[in-house]
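Enquirer: Take a look at this one; I'll ask things after.
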Amino acid sequence: YLRSFKRNKWGQYGAVQPFSDEDASIETLSHCSSFSDSTSVAEEGGDAERVAEEEFHCKLKVYIDCTVDKSAKTRQGALDGLKTAMATKILYEFILERRMTITDSIERCLKKGKGEEQRAAASLACLLCIQLGSGIESEEVFKTLKPIFKAILSDGTASVQARQACATSLGLCTLVAEDDILDVYATMECFESLFTRSYMREDGSRPSLSPATTQLHTNALLSWALMLTICDSSHITAIIHKHLAKLPRLLESEDVNMRIAAGETIALLFELARDDLDGEDWEELCAKLSALATDCNKHRTKNDKRKQRSVFRDVLKAVEVRRDFQTETIRFGTERMAIDSWLRKRTYDTFREFVGSGMNYHLQANEFIRDVFGLGPPVLIDSATLKAMKTSRLERHLYNAAAFKARTKARNKFRDKRVDVGEF
């Protein structure tokens, strides 16, 4: 029932045949436990944790099998199931044995699927590389999928949704698995060919683009910015001369996500190339950033303006002060990590986009991600120690109540100073 690839004498992998049952659906997964020997293990005194792990692996095997089902809905459900599993658990050993099978399924879904299925397959490719880490295994996966990503990205007739996903996935997979810096630069040029189409024209007119296309260009810009974090200084200098004068044109975009992406990319460039930018006159750019940091346009939503102002206050400091960054502390388990630079922020935001709520878990247990952020080997703490370190719900409640009371007193005192004391 659970099929795997067989090597032929040429070292190639044979195709996987879809389920023969016409009524096969993702609901089959709920009955996975019937295929495992968890009952016998429990009867023989095996621990519950091992049984649960075996059942979980069995479900993953069925997910993998379902990625070649005849039903598009079943394939997409299987892809999403694998994504959720890889985002929330470390599955290196399990995936290592099946990476070519999973890669083949992703390739098939990218080539033959549509829209949502392609999006799910592209995201799964990133999570597969994150699980495998930066090594020969992920390089082999990426060499298979990179041409497909680029083909979809450059195909104007392909689903915009698929192109958006490929723009983001190509960026992260390049960061994790690309072994040639010249290929990194070639990929950056592929992204440039997209987001530069959103530049305002020399005459001040804006290109006429749909919201979906603008999002595609935004994703391409963010992936391009991610590539900047691994470029050498000479290439950064070349990019400064080529793009920094033009990137501010994206700040005029009607789309808030594009404006924010452009602002953060400009801040990143200023951080990476401080020495190259000393002595330059950035007064016009600072004026534009200041206007966005205090934007009061009525035709924009309150949420967009709030988000934009917060970002551009920090971007303005990056351009004016050059070294000022609002440090953010990320807490996970018993550890802490500081996001203290635009480079670190871009990298963290990219990983978090794919692993979502599982980011803290990966920061604790994923050796590759810990290596990216310089956290060292995973810290192993037994459950009893971790439980002893946690504060009780009552203690947290009392602490929060005391903090709220102190904050209220401080604010009231400050407000009293602003009260008018008399009339003139």
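Letters A, B, ... go to the chains of the structure tokens in the order shown; residues in each chain start at 1; ligands are counted from 1 in the same order.
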Could you pull the residues within 8 Å of A:Ile236, counting only C-alpha atoms, minus those fewer than 3 positions along the same chain, as an MDAnalysis selection string?

Expert: chainID A and resid 228 231:233 239:240 269 272:273

Enquirer: How would the residues just chosen look if you wrote them out with C-alpha atoms as a CSV table (one decimal), in the first residue's frame?

Expert:
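Done, and the output landed in part-v9.csv:
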chain,number,residue,atom,x,y,z
A,228,LEU,CA,21.5,40.7,-0.4
A,231,CYS,CA,26.3,38.9,-1.2
A,232,ASP,CA,29.9,39.9,-1.0
A,233,SER,CA,30.9,43.6,-0.5
A,239,ILE,CA,23.9,47.0,-6.6
A,240,ILE,CA,24.1,50.4,-4.7
A,269,LEU,CA,21.2,48.5,1.7
A,272,LEU,CA,25.2,46.7,4.3
A,273,ALA,CA,27.0,49.6,2.6

Enquirer: Write out as JSON lines a residue-level contact list of stretch 268-357 of chain A versus stretch 254-257 of chain A with cut-off 10 Å: for each qualifying residue the closest pair of atoms and the distance in Å to one decimal, counting only C-alpha atoms, rows sorted by chain and residue number upward.

Expert:
{"residue": "A:Arg300", "atom": "CA", "partner": "A:Val256", "partner_atom": "CA", "distance": 9.0}
{"residue": "A:Thr301", "atom": "CA", "partner": "A:Val256", "partner_atom": "CA", "distance": 10.0}
{"residue": "A:Asp304", "atom": "CA", "partner": "A:Val256", "partner_atom": "CA", "distance": 6.5}
{"residue": "A:Lys305", "atom": "CA", "partner": "A:Val256", "partner_atom": "CA", "distance": 8.4}
{"residue": "A:Lys307", "atom": "CA", "partner": "A:Val256", "partner_atom": "CA", "distance": 8.7}
{"residue": "A:Gln308", "atom": "CA", "partner": "A:Val256", "partner_atom": "CA", "distance": 7.1}

Enquirer: For A:Ala87, which residue among A:Gly333, A:Gly156, A:Gly133, A:Gly356 is the nearest when counting only C-alpha atoms?

Expert: A:Gly356

Enquirer: Mind pulling up the distance from atom CA of A:Leu244 to atom CA of A:Ala225?

Expert: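 Computing the Euclidean distance for atom CA of A:Ala225 and atom CA of A:Leu244 yields 12.2 Å.
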
Enquirer: If you run DSSP on the backbone, which residues of stretch 194-344 of chain A are strand (DSSP E or B), as an mmCIF file with N, CA and C atoms, in the first residue's frame?

Expert:
data_model
loop_
_atom_site.group_PDB
_atom_site.id
_atom_site.type_symbol
_atom_site.label_atom_id
_atom_site.label_comp_id
_atom_site.auth_asym_id
_atom_site.auth_seq_id
_atom_site.Cartn_x
_atom_site.Cartn_y
_atom_site.Cartn_z
ATOM 1 N N GLU A 328 14.576 43.901 18.727
ATOM 2 C CA GLU A 328 13.458 43.091 19.196
ATOM 3 C C GLU A 328 14.004 41.795 19.782
ATOM 4 N N THR A 329 13.499 41.402 20.926
ATOM 5 C CA THR A 329 13.956 40.168 21.576
ATOM 6 C C THR A 329 12.946 39.047 21.344
ATOM 7 N N ILE A 330 13.431 37.931 20.833
ATOM 8 C CA ILE A 330 12.595 36.752 20.594
ATOM 9 C C ILE A 330 12.899 35.738 21.687
ATOM 10 N N ARG A 331 11.871 35.314 22.399
ATOM 11 C CA ARG A 331 12.025 34.329 23.470
ATOM 12 C C ARG A 331 11.507 32.970 22.995
ATOM 13 N N PHE A 332 12.290 31.944 23.223
ATOM 14 C CA PHE A 332 11.867 30.590 22.867
ATOM 15 C C PHE A 332 12.477 29.624 23.872
ATOM 16 N N GLU A 335 15.685 30.249 26.110
ATOM 17 C CA GLU A 335 16.666 31.094 25.416
ATOM 18 C C GLU A 335 16.035 32.375 24.892
ATOM 19 N N ARG A 336 16.922 33.294 24.511
ATOM 20 C CA ARG A 336 16.504 34.555 23.897
ATOM 21 C C ARG A 336 17.398 34.855 22.712
ATOM 22 N N MET A 337 16.832 35.521 21.722
ATOM 23 C CA MET A 337 17.602 35.932 20.552
ATOM 24 C C MET A 337 17.245 37.373 20.207
ATOM 25 N N ALA A 338 18.247 38.181 19.926
ATOM 26 C CA ALA A 338 18.017 39.585 19.593
ATOM 27 C C ALA A 338 17.976 39.769 18.085
ATOM 28 N N ILE A 339 16.908 40.398 17.600
ATOM 29 C CA ILE A 339 16.851 40.837 16.205
ATOM 30 C C ILE A 339 17.345 42.280 16.225
#

Enquirer: Determine, counting only C-alpha atoms, which protein, DNA and RNA residues have an atom within 8 Å of an atom of stretch 97-113 of chain A; residues of the same chain fewer than 6 positions away are not included. Present the result as a list in words.

Expert: Ser4, Phe5, Ile64, Thr67, Val68, Ala72, Ala121, Ala122, Leu124, Ala125, Leu128, Val141, Thr144, Leu145 and Ile148 of chain A

Enquirer: Give me a file of those residues, with C-alpha atoms, as a compact mmCIF listing (two decimals), in the first residue's frame.

Expert:
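Writing done, so here's part_33.txt:
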# COMPACT_ATOMS: atom_id res chain seq x y z
CA SER A 4 8.40 4.06 -2.66
CA PHE A 5 10.74 4.76 -5.58
CA ILE A 64 3.28 11.29 0.69
CA THR A 67 0.47 13.59 -3.36
CA VAL A 68 0.10 11.47 -6.50
CA ALA A 72 -6.49 17.59 -7.07
CA ALA A 121 4.03 22.51 -3.52
CA ALA A 122 6.34 25.55 -3.66
CA LEU A 124 6.62 22.45 0.81
CA ALA A 125 9.87 22.67 -1.18
CA LEU A 128 11.92 20.36 2.84
CA VAL A 141 16.54 18.86 -4.12
CA THR A 144 15.77 19.54 -9.45
CA LEU A 145 13.27 22.27 -8.54
CA ILE A 148 10.79 24.76 -12.55

Enquirer: Need the shell around stretch 374-376 of chain A: protein/DNA/RNA residues with any atom at most 9 Å away, counting only C-alpha atoms. Skip same-chain ones fewer than 6 positions apart. Format as a list in words?

Expert: Met337, Leu363, Gln364 and Glu367 of chain A

Enquirer: With C-alpha atoms kept, could you save the residues just selected as a CSV table (one decimal), in the first residue's frame?

Expert:
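again_5.csv, written as the output of this step:
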chain,number,residue,atom,x,y,z
A,337,MET,CA,17.6,35.9,20.6
A,363,LEU,CA,14.8,28.0,16.9
A,364,GLN,CA,15.1,25.5,19.8
A,367,GLU,CA,20.4,22.8,13.9

Enquirer: Go through A:Leu226, A:Ala177, A:Val51, A:Met258 one by one, measure the shortest atom-to-atom distance of each to A:Thr214 using only C-alpha atoms, and give the residue with the smallest value.

Expert: A:Met258

Enquirer: Just give me the gap between atom CA of A:Leu209 and atom CA of A:Cys190 in Å, one decimal is fine.

Expert: 19.0 Å

Enquirer: When distances are computed from only C-alpha atoms, which of A:Phe195, A:Trp342, A:Phe351, A:Tyr399 shows the smallest separation from A:Thr229?

Expert: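 Using only C-alpha atoms, A:Thr229 sits closest to A:Trp342.
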
Enquirer: Atom CA of A:Ser138 and atom CA of A:Asp179 are how many Å apart?

Expert: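 Atom CA of A:Asp179 lies at a distance of 10.2 Å from atom CA of A:Ser138.
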